[in-house]
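**Q** My structure is in target.cif, and what it holds is mmCIF, C-alpha atoms and all ligand atoms:
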```
data_final
#
loop_
_atom_site.group_PDB
_atom_site.id
_atom_site.type_symbol
_atom_site.label_atom_id
_atom_site.label_comp_id
_atom_site.auth_asym_id
_atom_site.auth_seq_id
_atom_site.Cartn_x
_atom_site.Cartn_y
_atom_site.Cartn_z
ATOM 1 C CA MET A 7 -20.263 2.060 -31.877
ATOM 2 C CA GLN A 8 -17.974 -0.761 -30.832
ATOM 3 C CA THR A 9 -18.676 -2.660 -34.048
ATOM 4 C CA LEU A 10 -17.830 0.423 -36.073
ATOM 5 C CA PHE A 11 -14.420 0.671 -34.419
ATOM 6 C CA LEU A 12 -13.741 -3.021 -34.914
ATOM 7 C CA LEU A 13 -14.468 -2.706 -38.617
ATOM 8 C CA LYS A 14 -12.509 0.451 -39.206
ATOM 9 C CA CYS A 15 -9.584 -0.108 -36.850
ATOM 10 C CA ARG A 16 -9.065 -3.787 -37.553
ATOM 11 C CA LYS A 17 -5.290 -3.450 -37.716
ATOM 12 C CA SER A 18 -5.062 -1.858 -34.291
ATOM 13 C CA TYR A 19 -7.476 -4.289 -32.693
ATOM 14 C CA ARG A 20 -5.600 -7.315 -33.952
ATOM 15 C CA HIS A 21 -2.684 -6.073 -31.953
ATOM 16 C CA LEU A 22 -4.987 -5.477 -28.991
ATOM 17 C CA ASN A 23 -6.131 -9.061 -28.928
ATOM 18 C CA LEU A 24 -2.555 -10.056 -28.180
ATOM 19 C CA ASN A 25 -2.341 -7.486 -25.398
ATOM 20 C CA ASN A 26 -5.477 -8.875 -23.851
ATOM 21 C CA GLN A 27 -3.894 -12.225 -23.187
ATOM 22 C CA VAL A 28 -1.332 -10.735 -20.795
ATOM 23 C CA LEU A 29 -3.316 -10.190 -17.615
ATOM 24 C CA LYS A 30 -6.999 -9.636 -17.069
ATOM 25 C CA SER A 31 -6.977 -9.120 -13.340
ATOM 26 C CA LYS A 32 -6.580 -5.345 -13.259
ATOM 27 C CA ALA A 33 -7.443 -2.369 -15.407
ATOM 28 C CA ILE A 34 -7.029 1.365 -15.634
ATOM 29 C CA PHE A 35 -9.917 3.376 -17.044
ATOM 30 C CA PHE A 36 -8.882 6.619 -18.689
ATOM 31 C CA ASP A 37 -10.969 9.650 -19.423
ATOM 32 C CA ARG A 38 -9.878 11.030 -22.816
ATOM 33 C CA ASP A 39 -9.971 14.840 -23.158
ATOM 34 C CA GLY A 40 -7.631 16.425 -20.612
ATOM 35 C CA VAL A 41 -5.944 13.119 -19.740
ATOM 36 C CA VAL A 42 -4.922 11.435 -23.018
ATOM 37 C CA ASN A 43 -5.042 14.557 -25.197
ATOM 38 C CA TYR A 44 -5.267 18.281 -24.621
ATOM 39 C CA ARG A 45 -8.865 19.351 -24.119
ATOM 40 C CA PRO A 46 -10.072 21.991 -26.550
ATOM 41 C CA VAL A 47 -11.704 24.725 -24.467
ATOM 42 C CA GLY A 48 -15.409 24.979 -25.238
ATOM 43 C CA ASP A 49 -15.072 22.697 -28.248
ATOM 44 C CA TYR A 50 -14.744 19.040 -29.288
ATOM 45 C CA VAL A 51 -11.981 17.101 -31.025
ATOM 46 C CA LYS A 52 -13.636 16.671 -34.410
ATOM 47 C CA THR A 53 -10.691 15.651 -36.613
ATOM 48 C CA PRO A 54 -7.316 13.937 -36.113
ATOM 49 C CA PHE A 55 -5.682 17.333 -36.705
ATOM 50 C CA GLU A 56 -7.292 18.578 -33.482
ATOM 51 C CA PHE A 57 -6.064 15.599 -31.433
ATOM 52 C CA HIS A 58 -2.786 16.266 -29.601
ATOM 53 C CA PHE A 59 -1.385 13.792 -27.067
ATOM 54 C CA ILE A 60 -0.308 15.035 -23.644
ATOM 55 C CA PRO A 61 3.326 13.846 -23.478
ATOM 56 C CA ASP A 62 3.021 12.760 -19.808
ATOM 57 C CA PHE A 63 0.242 10.394 -20.814
ATOM 58 C CA LEU A 64 2.401 8.576 -23.368
ATOM 59 C CA ASN A 65 5.092 7.809 -20.785
ATOM 60 C CA PHE A 66 2.544 6.742 -18.189
ATOM 61 C CA PHE A 67 0.648 4.600 -20.687
ATOM 62 C CA LYS A 68 3.733 2.636 -21.660
ATOM 63 C CA LYS A 69 4.575 2.091 -18.000
ATOM 64 C CA ILE A 70 1.169 0.697 -17.019
ATOM 65 C CA LYS A 71 0.959 -1.498 -20.130
ATOM 66 C CA ASP A 72 4.398 -2.894 -19.327
ATOM 67 C CA SER A 73 2.997 -3.680 -15.853
ATOM 68 C CA GLY A 74 0.150 -5.737 -17.327
ATOM 69 C CA TYR A 75 -2.825 -3.428 -16.828
ATOM 70 C CA LEU A 76 -5.683 -3.427 -19.278
ATOM 71 C CA ALA A 77 -6.152 0.126 -20.562
ATOM 72 C CA ILE A 78 -9.751 1.114 -21.235
ATOM 73 C CA LEU A 79 -10.955 4.462 -22.547
ATOM 74 C CA ILE A 80 -14.177 5.844 -21.029
ATOM 75 C CA SER A 81 -15.275 9.090 -22.661
ATOM 76 C CA ASN A 82 -18.339 11.314 -22.888
ATOM 77 C CA GLN A 83 -18.616 12.766 -26.406
ATOM 78 C CA GLN A 84 -21.890 14.642 -26.510
ATOM 79 C CA GLY A 85 -20.592 16.646 -29.487
ATOM 80 C CA VAL A 86 -22.087 13.800 -31.547
ATOM 81 C CA GLY A 87 -25.445 14.077 -29.771
ATOM 82 C CA LYS A 88 -25.406 17.825 -30.362
ATOM 83 C CA GLY A 89 -24.758 17.345 -34.085
ATOM 84 C CA ILE A 90 -21.430 19.222 -33.895
ATOM 85 C CA MET A 91 -19.605 16.130 -35.142
ATOM 86 C CA THR A 92 -20.605 12.766 -36.611
ATOM 87 C CA GLU A 93 -19.975 9.221 -35.374
ATOM 88 C CA GLU A 94 -17.752 8.734 -38.420
ATOM 89 C CA GLN A 95 -15.612 11.686 -37.355
ATOM 90 C CA LEU A 96 -15.344 10.266 -33.839
ATOM 91 C CA THR A 97 -14.281 6.936 -35.322
ATOM 92 C CA GLU A 98 -11.670 8.665 -37.458
ATOM 93 C CA VAL A 99 -10.218 10.437 -34.425
ATOM 94 C CA THR A 100 -10.233 7.129 -32.501
ATOM 95 C CA CYS A 101 -8.398 5.242 -35.233
ATOM 96 C CA TYR A 102 -5.798 7.999 -35.428
ATOM 97 C CA MET A 103 -5.358 7.884 -31.639
ATOM 98 C CA GLN A 104 -4.964 4.088 -31.635
ATOM 99 C CA ASP A 105 -2.503 4.030 -34.527
ATOM 100 C CA GLU A 106 -0.408 6.829 -33.038
ATOM 101 C CA LEU A 107 -0.428 5.239 -29.579
ATOM 102 C CA LEU A 108 0.846 1.994 -31.048
ATOM 103 C CA ARG A 109 3.547 3.816 -32.992
ATOM 104 C CA LEU A 110 4.668 5.972 -30.076
ATOM 105 C CA SER A 111 4.395 3.565 -27.121
ATOM 106 C CA GLY A 112 4.147 0.059 -28.575
ATOM 107 C CA PHE A 113 0.645 -0.374 -27.105
ATOM 108 C CA ASN A 114 -2.848 1.022 -27.518
ATOM 109 C CA PHE A 115 -6.164 0.888 -25.701
ATOM 110 C CA ASP A 116 -7.555 -2.593 -25.112
ATOM 111 C CA ASP A 117 -11.123 -1.359 -25.249
ATOM 112 C CA ILE A 118 -12.954 1.908 -25.892
ATOM 113 C CA TYR A 119 -16.315 3.163 -24.668
ATOM 114 C CA TYR A 120 -17.993 6.388 -25.715
ATOM 115 C CA CYS A 121 -21.278 7.921 -24.625
ATOM 116 C CA THR A 122 -22.537 10.290 -27.293
ATOM 117 C CA ASP A 123 -25.807 11.090 -25.498
ATOM 118 C CA LEU A 124 -26.626 14.615 -24.423
ATOM 119 C CA LYS A 125 -26.113 15.644 -20.815
ATOM 120 C CA GLU A 126 -29.868 16.261 -20.445
ATOM 121 C CA SER A 127 -30.622 12.647 -21.397
ATOM 122 C CA ASN A 128 -29.354 11.471 -17.994
ATOM 123 C CA SER A 129 -28.088 8.360 -19.753
ATOM 124 C CA PRO A 130 -26.907 5.600 -17.396
ATOM 125 C CA ARG A 131 -23.790 5.359 -19.583
ATOM 126 C CA ARG A 132 -22.846 9.051 -19.417
ATOM 127 C CA LYS A 133 -20.397 9.968 -16.648
ATOM 128 C CA PRO A 134 -20.923 10.646 -13.736
ATOM 129 C CA ASN A 135 -23.099 7.553 -14.157
ATOM 130 C CA PRO A 136 -21.024 4.363 -14.166
ATOM 131 C CA GLY A 137 -22.687 2.499 -17.080
ATOM 132 C CA MET A 138 -19.667 2.397 -19.379
ATOM 133 C CA LEU A 139 -17.363 1.199 -16.601
ATOM 134 C CA LEU A 140 -19.850 -1.482 -15.536
ATOM 135 C CA GLU A 141 -20.108 -2.711 -19.133
ATOM 136 C CA ALA A 142 -16.328 -3.035 -19.287
ATOM 137 C CA ILE A 143 -16.105 -4.754 -15.893
ATOM 138 C CA ALA A 144 -18.742 -7.301 -16.986
ATOM 139 C CA LYS A 145 -17.037 -7.871 -20.336
ATOM 140 C CA TRP A 146 -13.473 -8.265 -19.110
ATOM 141 C CA ASP A 147 -14.266 -9.939 -15.801
ATOM 142 C CA PHE A 148 -11.639 -8.228 -13.677
ATOM 143 C CA ASP A 149 -11.727 -7.239 -10.049
ATOM 144 C CA PRO A 150 -12.722 -3.568 -9.563
ATOM 145 C CA VAL A 151 -10.696 -3.484 -6.333
ATOM 146 C CA ASN A 152 -7.470 -3.722 -8.359
ATOM 147 C CA SER A 153 -8.636 -1.178 -10.899
ATOM 148 C CA TRP A 154 -8.566 2.593 -11.294
ATOM 149 C CA MET A 155 -10.319 5.484 -12.988
ATOM 150 C CA VAL A 156 -8.064 8.391 -14.005
ATOM 151 C CA GLY A 157 -9.813 11.620 -14.963
ATOM 152 C CA ASP A 158 -9.555 15.389 -14.901
ATOM 153 C CA SER A 159 -13.086 16.186 -13.757
ATOM 154 C CA GLU A 160 -15.232 15.268 -10.792
ATOM 155 C CA SER A 161 -17.702 13.426 -13.016
ATOM 156 C CA ASP A 162 -14.917 10.939 -13.828
ATOM 157 C CA ILE A 163 -14.286 10.455 -10.123
ATOM 158 C CA ILE A 164 -17.960 9.964 -9.255
ATOM 159 C CA ALA A 165 -18.378 7.449 -12.084
ATOM 160 C CA GLY A 166 -15.317 5.562 -10.846
ATOM 161 C CA LYS A 167 -16.556 5.479 -7.270
ATOM 162 C CA ARG A 168 -20.017 4.314 -8.352
ATOM 163 C CA ALA A 169 -18.305 1.442 -10.185
ATOM 164 C CA ARG A 170 -16.280 0.755 -7.017
ATOM 165 C CA VAL A 171 -12.853 1.320 -8.551
ATOM 166 C CA ARG A 172 -10.110 3.499 -7.063
ATOM 167 C CA THR A 173 -9.876 7.014 -8.431
ATOM 168 C CA VAL A 174 -7.202 9.533 -9.426
ATOM 169 C CA LEU A 175 -8.054 13.157 -10.199
ATOM 170 C CA LEU A 176 -5.607 15.142 -12.303
ATOM 171 C CA THR A 177 -5.882 18.842 -11.569
ATOM 172 C CA ASN A 178 -3.719 21.925 -11.197
ATOM 173 C CA ILE A 179 -6.149 23.407 -8.643
ATOM 174 C CA PRO A 180 -4.699 22.174 -5.312
ATOM 175 C CA ALA A 181 -7.633 23.121 -3.058
ATOM 176 C CA LEU A 182 -10.307 21.611 -5.297
ATOM 177 C CA GLN A 183 -13.046 19.771 -3.374
ATOM 178 C CA THR A 184 -13.072 16.186 -4.583
ATOM 179 C CA GLU A 185 -14.087 12.681 -3.592
ATOM 180 C CA ALA A 186 -11.038 11.220 -5.380
ATOM 181 C CA HIS A 187 -8.802 8.730 -3.564
ATOM 182 C CA HIS A 188 -5.712 10.514 -4.940
ATOM 183 C CA VAL A 189 -5.079 13.938 -6.492
ATOM 184 C CA PHE A 190 -2.089 14.731 -8.683
ATOM 185 C CA ILE A 191 -1.085 17.687 -10.781
ATOM 186 C CA SER A 192 0.009 15.406 -13.644
ATOM 187 C CA LEU A 193 0.615 11.776 -14.460
ATOM 188 C CA THR A 194 4.355 12.271 -13.942
ATOM 189 C CA LYS A 195 3.659 12.844 -10.235
ATOM 190 C CA ILE A 196 2.062 9.433 -9.710
ATOM 191 C CA GLU A 197 4.520 7.208 -7.953
ATOM 192 C CA ASN A 198 4.058 3.758 -6.519
ATOM 193 C CA ILE A 199 0.288 3.657 -6.404
ATOM 194 C CA PHE A 200 -0.120 1.413 -9.437
HETATM 195 MG MG MG B 301 -11.772 15.184 -19.273
#
```
What's the structure tokens form of this structure?
**A**
Amino acid sequence: MQTLFLLKCRKSYRHLNLNNQVLKSKAIFFDRDGVVNYRPVGDYVKTPFEFHFIPDFLNFFKKIKDSGYLAILISNQQGVGKGIMTEEQLTEVTCYMQDELLRLSGFNFDDIYYCTDLKESNSPRRKPNPGMLLEAIAKWDFDPVNSWMVGDSESDIIAGKRARVRTVLLTNIPALQTEAHHVFISLTKIENIF
């Protein structure tokens, strides 16, 4: 999967290699659907036309990149495992996201991890398991203590805690039971914790 993105998004990744030289000591892991882009209810983002950025994310993303954080996408996409979409479609959506992020904020994700396995597979990579985060931590060699997982579901939070990073849950349900270190209604409400 990673190789596929490198081949097809070469332009974006060349830019990323420059980003990567800034600071490697801290990272923010982002869930995708519901954090980066609006989550289609009961469906998957199958084409670039179905991918719509959440405006709050774009502002937040620029801010944390300006502060020297690595930005790493960690996303379950079992729509591929179900046969609802193909890996090529996922790659197309990813390239669109990266190109648009670069155009709109001046930065894009430094690394991207997807798990396309079905929920029933109990894959060690599929959130709430921490496999994708642990792969990224091993690859980039940063300190989990200075790093964060931002997600909109409890499985993101559990995966983050299992990887021993700090966690932020985005939700508009104030009384939701969660293990997250911080809860915010949106990324605009996060102040002074990064
Ligand atoms: Mg989500």
**Q** What would the selection look like, as JSON, numbers by chain, if the PyMOL selection byres (((not hetatm)) within 8 of (chain B and resi 301)) were run on the coordinates I just shared?
**A** {"A": [37, 38, 39, 40, 41, 45, 81, 157, 158, 159, 162]}
**Q** So that I can check the surroundings of Leu140 (chain A), please list as a list in words every protein, DNA and RNA residue that reaches within 12 Å of it, counting only C-alpha atoms and ignoring chain neighbours fewer than 5 positions away.
**A**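 Selected residues are Phe35, Ile78, Ile80, Tyr119, Pro130, Arg131, Arg132, Lys133, Asn135, Lys145, Trp146, Asp147, Phe148, Asp149, Pro150, Ala165, Gly166, Lys167, Arg168, Ala169, Arg170 and Val171 of chain A.
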**Q** Determine the nearest neighbour of Pro136 (chain A) from the options A:Leu175, A:Met155, A:Cys101, A:Ala33, counting all atoms listed in the file.
**A**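 Of all the options, A:Met155 lies closest to Pro136 (chain A).
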**Q** For each of A:Glu93, A:Asp49, A:Glu197, A:Asp72, take the minimum atom-to-atom distance to Phe113 (chain A), counting all atoms listed in the file, then give the residue where this is smallest.
**A** A:Asp72
**Q** If we draw a sphere of 12 Å around (-26.0, 15.6, -22.8), which residues have at least one atom in it when counting only C-alpha atoms? Please report them as number ranges by chain.
**A** A: 82-89, 121-134
**Q** Give me the result of the PyMOL selection byres (((chain A and resi 196) around 12) and not hetatm) on this file, residue by residue, as a list in words.
**A**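 Given this file, the PyMOL selection byres (((chain A and resi 196) around 12) and not hetatm) evaluates to Asp62, Phe63, Asn65, Phe66, Lys69, Ile70, Val156, Val174, Leu175, Leu176, His188, Val189, Phe190, Ile191, Ser192, Leu193, Thr194, Lys195, Glu197, Asn198, Ile199 and Phe200 of chain A.
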**Q** Given the file shown, determine the residues that the PyMOL selection byres (((chain A and resi 103-112) around 10) and not hetatm) selects; report them as an MDAnalysis selection string.
**A** chainID A and resid 15 17:19 21:22 42:43 54 57:59 64:69 71:72 97:102 113:116
**Q** Figure out the distance between CA of Arg172 (chain A) and CA of Pro61 (chain A), please, to one decimal in Å.
**A**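 Here the two named atoms are 23.6 Å from each other.
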**Q** At what distance in Å, to one decimal, does CA of Ala77 (chain A) lie from CA of Met138 (chain A)?
**A** 13.8 Å
**Q** Could you tell me how far CA of Gly137 (chain A) sits from CA of Val47 (chain A), in Å to one decimal place?
**A**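 Between these atoms lies a distance of 25.9 Å.
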**Q** Rank nothing, just name the residue among A:Ile143, A:Ile90, A:Ile179, A:Ile163 nearest to Leu76 (chain A), using all atoms listed in the file.
**A**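 The shortest atom-to-atom distance to Leu76 (chain A) comes from A:Ile143.
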**Q** Here is a test: counting all atoms listed in the file, which residue of A:Thr173, A:Ile34, A:Ser161, A:Gln95 is nearest to Phe55 (chain A)?
**A**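 Looking only at the distances to Phe55 (chain A), the closest residue turns out to be A:Gln95.
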**Q** Under the rule that all atoms listed in the file are counted, which of A:Tyr50, A:Ile60, A:Ile118, A:Ile164 is the nearest residue to Thr92 (chain A)?
**A**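 Of all the options, A:Tyr50 lies closest to Thr92 (chain A).
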